[in-house]
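Enquirer: If you scroll down you'll find the structure; I have some questions about it.
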Amino acid sequence: MDLPAQQSPLHTELESVLQQINLGVVLLDRDCRVMYWNDFMSINSGRSAAEVVGQSLFDLFPELPRLWVKKKIDSVFTLQNLAFTSWQQRPHLFDFSDSRPITGQVAAMYQNCTFFPVVETSGAIKYVCLTVADATETAAQHLELARLNELLQAEKEEQARLIRKLEEAQAQLLQSEKMAAIGQLAAGVAHEINNPVGYVNSNFASLESYVKDLFSLIEAYNRDLPSLQDAAFRARIEQANRELDYEFLRSDIFDLIRESREGLERVKRIVQDLRDFSHVDSADWQVVDLHKGLDSTLNVVWNEVKFKAEVVKQYGELPDVECIGSQLNQVFMNLIVNAAHAIPNRGTIWLETGTRDDWVFVRVRDDGCGIPPENLKRLFEPFFTTKPVGSGTGLGLSVSYNIVSKHHGRIEVESEPGKGTAFTVWLPARQPQEDR
Amino acid sequence: MNRLANLSEDRRDALQELMNVAMGQGADRLARLTETFVTLSVPRIHPVEDAHANLLENLDMAGQPAIVTRQSFLGRLRGEVVVCFGENGADQLAGLMGYEGEANSQDELMLDVTNILTGACINGLAQQIDLKVSYGAPSILSRGRSLKEVLDSQVLQGHQALVLEIHFEVATHSFICDLLVCIAEDTVATVIEAIDQLLNDI
C-alpha cells in the first residue's frame with residue numbers, strides 16, 4: 001500500500017511491527033475496500049494480503065452482516081469517532097477458527113474489534129482502521145465461570161427448596177403428632193368418663209322406678225287419708241303436704257329425673273363422638289360412613305360453631321368410603337372451624353355431601369368474609385395464615401391437604417370476597433390397590 | 001478549589017453552551033450518518049458534587065428500572081459516561097443503526113448508542129481545548145435496576161459529575177436517555193480550563 005512519503009528512520013521497522021503484531025489490522029476505505037491486511041489477518045483467514053487488497057470486504061467475506069458493518073464504518077467516518085464490538089455481544093465478527101485448537105472447548109475465535117478513524121495531517125479521514133483482538137482466552141474463562149455460576153445457583157436453589165420442604169414436612173409432622181396426641185388424650189378422657197356416666201345412668205334408671213314406687217306409696221296413703229278418724233293426725237298430714245308443696249314436688253321430681261337422664265345421654269353421646277372422632281380403635285384404613293364422621297366432628301367442635309352459625313346439613317346418598325376416619329375427621333374439623341372463623345357475626349354453614357362418577361364429595365360452605373384472590377393460591381402453604389399472631393398455626397389446611405392427598409383425593413376452593421367460601425373434599429370411594 | 005457543582009453563573013452558562021455545541025455537532029453528524037432528521041434536544045445540565053447527590057431530583061428516569069451502560073474516556077480528560085436507557089433500550093433506533101433483521105442485538109445496539117453519545121459529548125468538550133481523548137469499549141453496567149440503585153451499589157472513585165438529560169428524536173423514532181458524565185477528580189480542572197477558555201474567547 002501507499003504509505004506516506006515522509007521517511008522516518010523507523011519507517012520499515014514500524015511497518016513490520018504492524019505486519020507482525022498479534023492483532024488483526026485492516027485498513028478500509030470509504031467503500032469498504034481493503035487497503036491493508038496484516039499477517040494476523042492473512043494467517044487466520046487463509047487469504048494473503050495480495051489476494052485481498054483492493055477488494056471489497058463484503059465480496060471477500062459475504063457472511064459479514066453487510067448493513068451493520070457498513071453502518072459501523074460510516075459512523076466512524078461521519079462521527080470521527082471510535083466504534084467497538086465486544087465478544088460478548090458479537091462473538092465472531094470474522095469466522096476465524098479457535099486459537100486453542102487442542103485444549104480449547106470452543107469452536108471459533110472470540111473477537112473484540114475496534115474501528116477507528118485514521119486521520120491525515122489535513123484533518124480528513126481517509127481510512128478506517130479495524131483491529132481484531134483475539135479474546136478467546138478471556139471468553140472461554142468467562143463462559144466457564146458463567147457456567148459454574150449457573151450450576152452453583154441451581155444447586156443453591158435446589159438446596160433452599162429442599163430445606164423449605166424439610167421445614168414444611170417437619171412442621172406438618174409436628175402438627176399431625178399434636179393432633180394425634182390430642183385425639184389420644186380425648187379418647188382417654190372419654191373412656192374415663194364413660195364408666196362413671198354408665199353407672200350413674202343405670203342408677204338413674206333404678207332411681208326413677210324407686211321414686212315412682214315411693215310416690216305410689218304416698219298416693220296410697222293420701223288416698224286413704226280422708227277416711228282416717230283421727231282429725232288431728234289428718235290435719236297434721238295435710239299441713240305437712242302443704243308446707244312441702246307436695247303437688248309441685250311430685251310433678252317436678254320426674255322432670256328433674258328426665259332432664260338429668262337427658263343430660264347423661266348427651267354426655268354419653270359426646271363421649272361417643274370423641275371416641276369416634278379420634279378413632280382410637282381404628283387408626284387404620286376402614287370402610288366407613290362419612291356422615292357419621294361428619295356428625296361426630298360437628299359435635300366435637302360444636303362449641304366453636306354454635307354462637308357463630310346455623311349449620312344446615314344437606315347430605316346426599318353416600319357409599320361407605322375407604323379411609324382413615326380419624327384423619328378425615330381432622331380435615332372436616334379444620335374446614336368447619338375455618339368456616340366458623342370466616343363468619344364475622346352470625347351466618348350459616350352448609351355441610352353438603354354427594355357423589356359424582358366414582359367420586360364422593362364433602363363440601364363445607366359458609367357465607368363468611370371470603371378469601372381474597374391473592375391468598376387463594378397460598379392457602380395450602382404451610383405456615384400461611386391470615387389469623388392474628390398466636391391464633392392460627394397456618395398448618396390446618398396444609399395438613400388437611402396432605403391427608404386428602406394421601407387418600408388420593410383433592411381439595412377444591414371457591415371463594416368470593418364478601419360472599420363466602422366453599423371447600424370441597426373429593427375422595428375416591430375405594431383406594432387404589434397398590435398404595436394401600 | 002474549583003468544583004463543578006458551584007460554578008459561577010457565567011461559567012455555568014459557558015458549560016451549557018459548550019455542551020450545546022458538542023451535542024449540536026453530534027446531532028449533525030448523526031443526521032448525516034442515519035440520513036434522517038435528528039433532533040437532539042438542548043441538553044439540560046446539572047453539575048452535582050458526585051453522582052449520588054441529588055440525582056433523583058434531577059433525573060426523571062433515575063428511579064425507574066432501566067438498562068445502564070458505561071464507557072470510559074481517557075487522557076487529560078478522564079472519567080466515565082454512564083448512560084441510562086429505558087426498559088426498551090434503544091430498540092427504536094435498530095433500523096437506523098443497521099440492526100434490521102439482527103436477532104438478540106438489543107445489548108449491542110445500546111452499546112453502539114452509548115458509544116456515539118459519549119463520543120459526541122466528550123469529543124465536543126475535548127475539541128474545544130484541543131485535547132486528545134481516547135475511549136475504552138462500552139459495556140453494560142446493569143439491567144433491571146434503577147440508576148439510583150445501580151449507583152448506590154457501586155463504589156465510585158473520587159469524581160465530580162455532570163448530569164446531562166438528552167432527548168433524542170430521530171425522524172419519527174422518539175427516543176430518550178439520560179447521560180451522566182462523571183469526571184475524575186484530578187481532571188476536573190481541565191473542564192474548568194475549557195470553560196474559562198470559552199469565556200475568554202467571547
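Note on naming: chains are A, B, ... as they come in the C-alpha cells, residues start from 1 per chain, ligands start from 1 in the order shown.
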Give me, as a PyMOL selection string, the contact residues of chain A against chain B at a cut-off of 9 Å, counting only C-alpha atoms.
Expert: chain A and resi 65-72+74-75+77-86+88-90+114
Enquirer: Neighbouring residues of Glu310 (chain A) were defined as those with any atom within 9 Å, considering only C-alpha atoms; residues of the same chain fewer than 2 positions away were excluded. Please report them as a PyMOL selection string.
Expert: chain A and resi 305-308+312+346-350
Enquirer: Keeping only N, CA and C atoms, write the selected residues to a file as a PDB file, in the first residue's frame.
Expert:
ATOM      1  N   VAL A 305     -68.780 -23.404  67.032  1.00  0.00           N
ATOM      2  CA  VAL A 305     -69.669 -23.070  65.931  1.00  0.00           C
ATOM      3  C   VAL A 305     -70.979 -22.465  66.403  1.00  0.00           C
ATOM      4  N   LYS A 306     -71.477 -22.939  67.547  1.00  0.00           N
ATOM      5  CA  LYS A 306     -72.892 -22.689  67.863  1.00  0.00           C
ATOM      6  C   LYS A 306     -73.240 -21.208  68.001  1.00  0.00           C
ATOM      7  N   PHE A 307     -72.261 -20.385  68.433  1.00  0.00           N
ATOM      8  CA  PHE A 307     -72.594 -18.966  68.584  1.00  0.00           C
ATOM      9  C   PHE A 307     -72.391 -18.193  67.294  1.00  0.00           C
ATOM     10  N   LYS A 308     -71.739 -18.830  66.306  1.00  0.00           N
ATOM     11  CA  LYS A 308     -71.414 -18.123  65.082  1.00  0.00           C
ATOM     12  C   LYS A 308     -72.375 -18.448  63.942  1.00  0.00           C
ATOM     13  N   VAL A 312     -76.491 -26.078  58.411  1.00  0.00           N
ATOM     14  CA  VAL A 312     -77.507 -26.718  57.583  1.00  0.00           C
ATOM     15  C   VAL A 312     -76.876 -27.941  56.935  1.00  0.00           C
ATOM     16  N   ARG A 346     -72.886 -13.445  62.479  1.00  0.00           N
ATOM     17  CA  ARG A 346     -73.637 -14.677  62.514  1.00  0.00           C
ATOM     18  C   ARG A 346     -73.978 -15.086  61.092  1.00  0.00           C
ATOM     19  N   GLY A 347     -73.856 -16.329  60.811  1.00  0.00           N
ATOM     20  CA  GLY A 347     -74.100 -16.752  59.440  1.00  0.00           C
ATOM     21  C   GLY A 347     -74.532 -18.197  59.389  1.00  0.00           C
ATOM     22  N   THR A 348     -74.303 -18.787  58.205  1.00  0.00           N
ATOM     23  CA  THR A 348     -74.742 -20.162  58.005  1.00  0.00           C
ATOM     24  C   THR A 348     -73.568 -20.976  57.481  1.00  0.00           C
ATOM     25  N   ILE A 349     -73.479 -22.211  57.971  1.00  0.00           N
ATOM     26  CA  ILE A 349     -72.512 -23.152  57.409  1.00  0.00           C
ATOM     27  C   ILE A 349     -73.312 -24.308  56.813  1.00  0.00           C
ATOM     28  N   TRP A 350     -73.052 -24.585  55.531  1.00  0.00           N
ATOM     29  CA  TRP A 350     -73.728 -25.712  54.890  1.00  0.00           C
ATOM     30  C   TRP A 350     -72.774 -26.905  54.825  1.00  0.00           C
TER      31      TRP A 350
END
Enquirer: Quick one, how far is CA of Thr131 (chain A) from CA of Pro62 (chain A)?
Expert: 19.1 Å
Enquirer: Do you have the CA of Phe361 (chain A)-CA of Lys178 (chain A) distance handy?
Expert: 26.8 Å
Enquirer: As a ChimeraX atom specification, please: the residues near Ile183 (chain B) (cut-off 8 Å, only C-alpha atoms, same-chain neighbours under 6 positions excluded).
Expert: /B:77-80,159-162
Enquirer: Tell me which protein, DNA and RNA residues are within 9 Å of Asn38 (chain A), counting only C-alpha atoms, leaving out same-chain ones fewer than 2 positions away, and put them as a ChimeraX atom specification.
Expert: /A:18-21,23-26,36,40-43,48-49
Enquirer: With only C-alpha atoms as the basis for distance, which of A:Ser202, A:Thr424, A:Ser415, A:Ser176 is at the shortest distance from Leu351 (chain A)?
Expert: A:Thr424
Enquirer: Check the smallest atom-to-atom distance from each of A:Gln327, A:Gln431, A:Asn402, A:Asn338 to Glu168 (chain A) using only C-alpha atoms, then report the winner.
Expert: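 Answer, going by the shortest atom-to-atom distance: A:Asn402.
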Enquirer: Can you tell me which residues surround Glu374 (chain A) at a distance of at most 12 Å, considering only C-alpha atoms, apart from same-chain residues fewer than 6 positions away, and format the answer as a list in words?
Expert: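 Once the adjacent positions are removed, what remains is Thr386, Ser415, Glu416 and Pro417 of chain A.
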Enquirer: Any chance you could export the current selection's C-alpha atoms as a PDB file, in the first residue's frame?
Expert:
ATOM      1  CA  THR A 386     -54.293 -14.608  57.985  1.00  0.00           C
ATOM      2  CA  SER A 415     -64.368 -18.132  47.213  1.00  0.00           C
ATOM      3  CA  GLU A 416     -65.717 -14.714  46.614  1.00  0.00           C
ATOM      4  CA  PRO A 417     -64.660 -11.964  48.977  1.00  0.00           C
TER       5      PRO A 417
END
Enquirer: Pick out the closest residue to Asn200 (chain B) from this set: B:His173, B:Thr187, B:Asp10, B:Ile140. Count only C-alpha atoms.
Expert: B:Asp10
Enquirer: Using only C-alpha atoms, which protein or nucleic acid residues come within 9 Å of Val53 (chain A)? Drop anything in the same chain fewer than 6 positions from it, and give the result as JSON, numbers by chain.
Expert: {"A": [1, 33, 34, 35, 36, 37]}
Enquirer: Which residues come within 10 Å of Lys292 (chain A), counting only C-alpha atoms, excluding same-chain residues fewer than 4 positions away, as a VMD selection string?
Expert: chain A and resid 273 276 to 277 288 296 to 298 325 329
Enquirer: Selection from above, C-alpha atoms, as a PDB file, in the first residue's frame, can you write it?
Expert:
ATOM      1  CA  ASP A 273     -68.333 -38.657  69.433  1.00  0.00           C
ATOM      2  CA  ASP A 276     -65.441 -41.760  67.046  1.00  0.00           C
ATOM      3  CA  PHE A 277     -63.637 -38.579  66.185  1.00  0.00           C
ATOM      4  CA  VAL A 288     -66.762 -46.014  56.997  1.00  0.00           C
ATOM      5  CA  SER A 296     -69.343 -36.574  65.404  1.00  0.00           C
ATOM      6  CA  THR A 297     -66.839 -33.973  64.228  1.00  0.00           C
ATOM      7  CA  LEU A 298     -69.545 -31.332  64.222  1.00  0.00           C
ATOM      8  CA  GLY A 325     -61.513 -41.992  59.648  1.00  0.00           C
ATOM      9  CA  ASN A 329     -62.378 -36.082  60.681  1.00  0.00           C
TER      10      ASN A 329
END
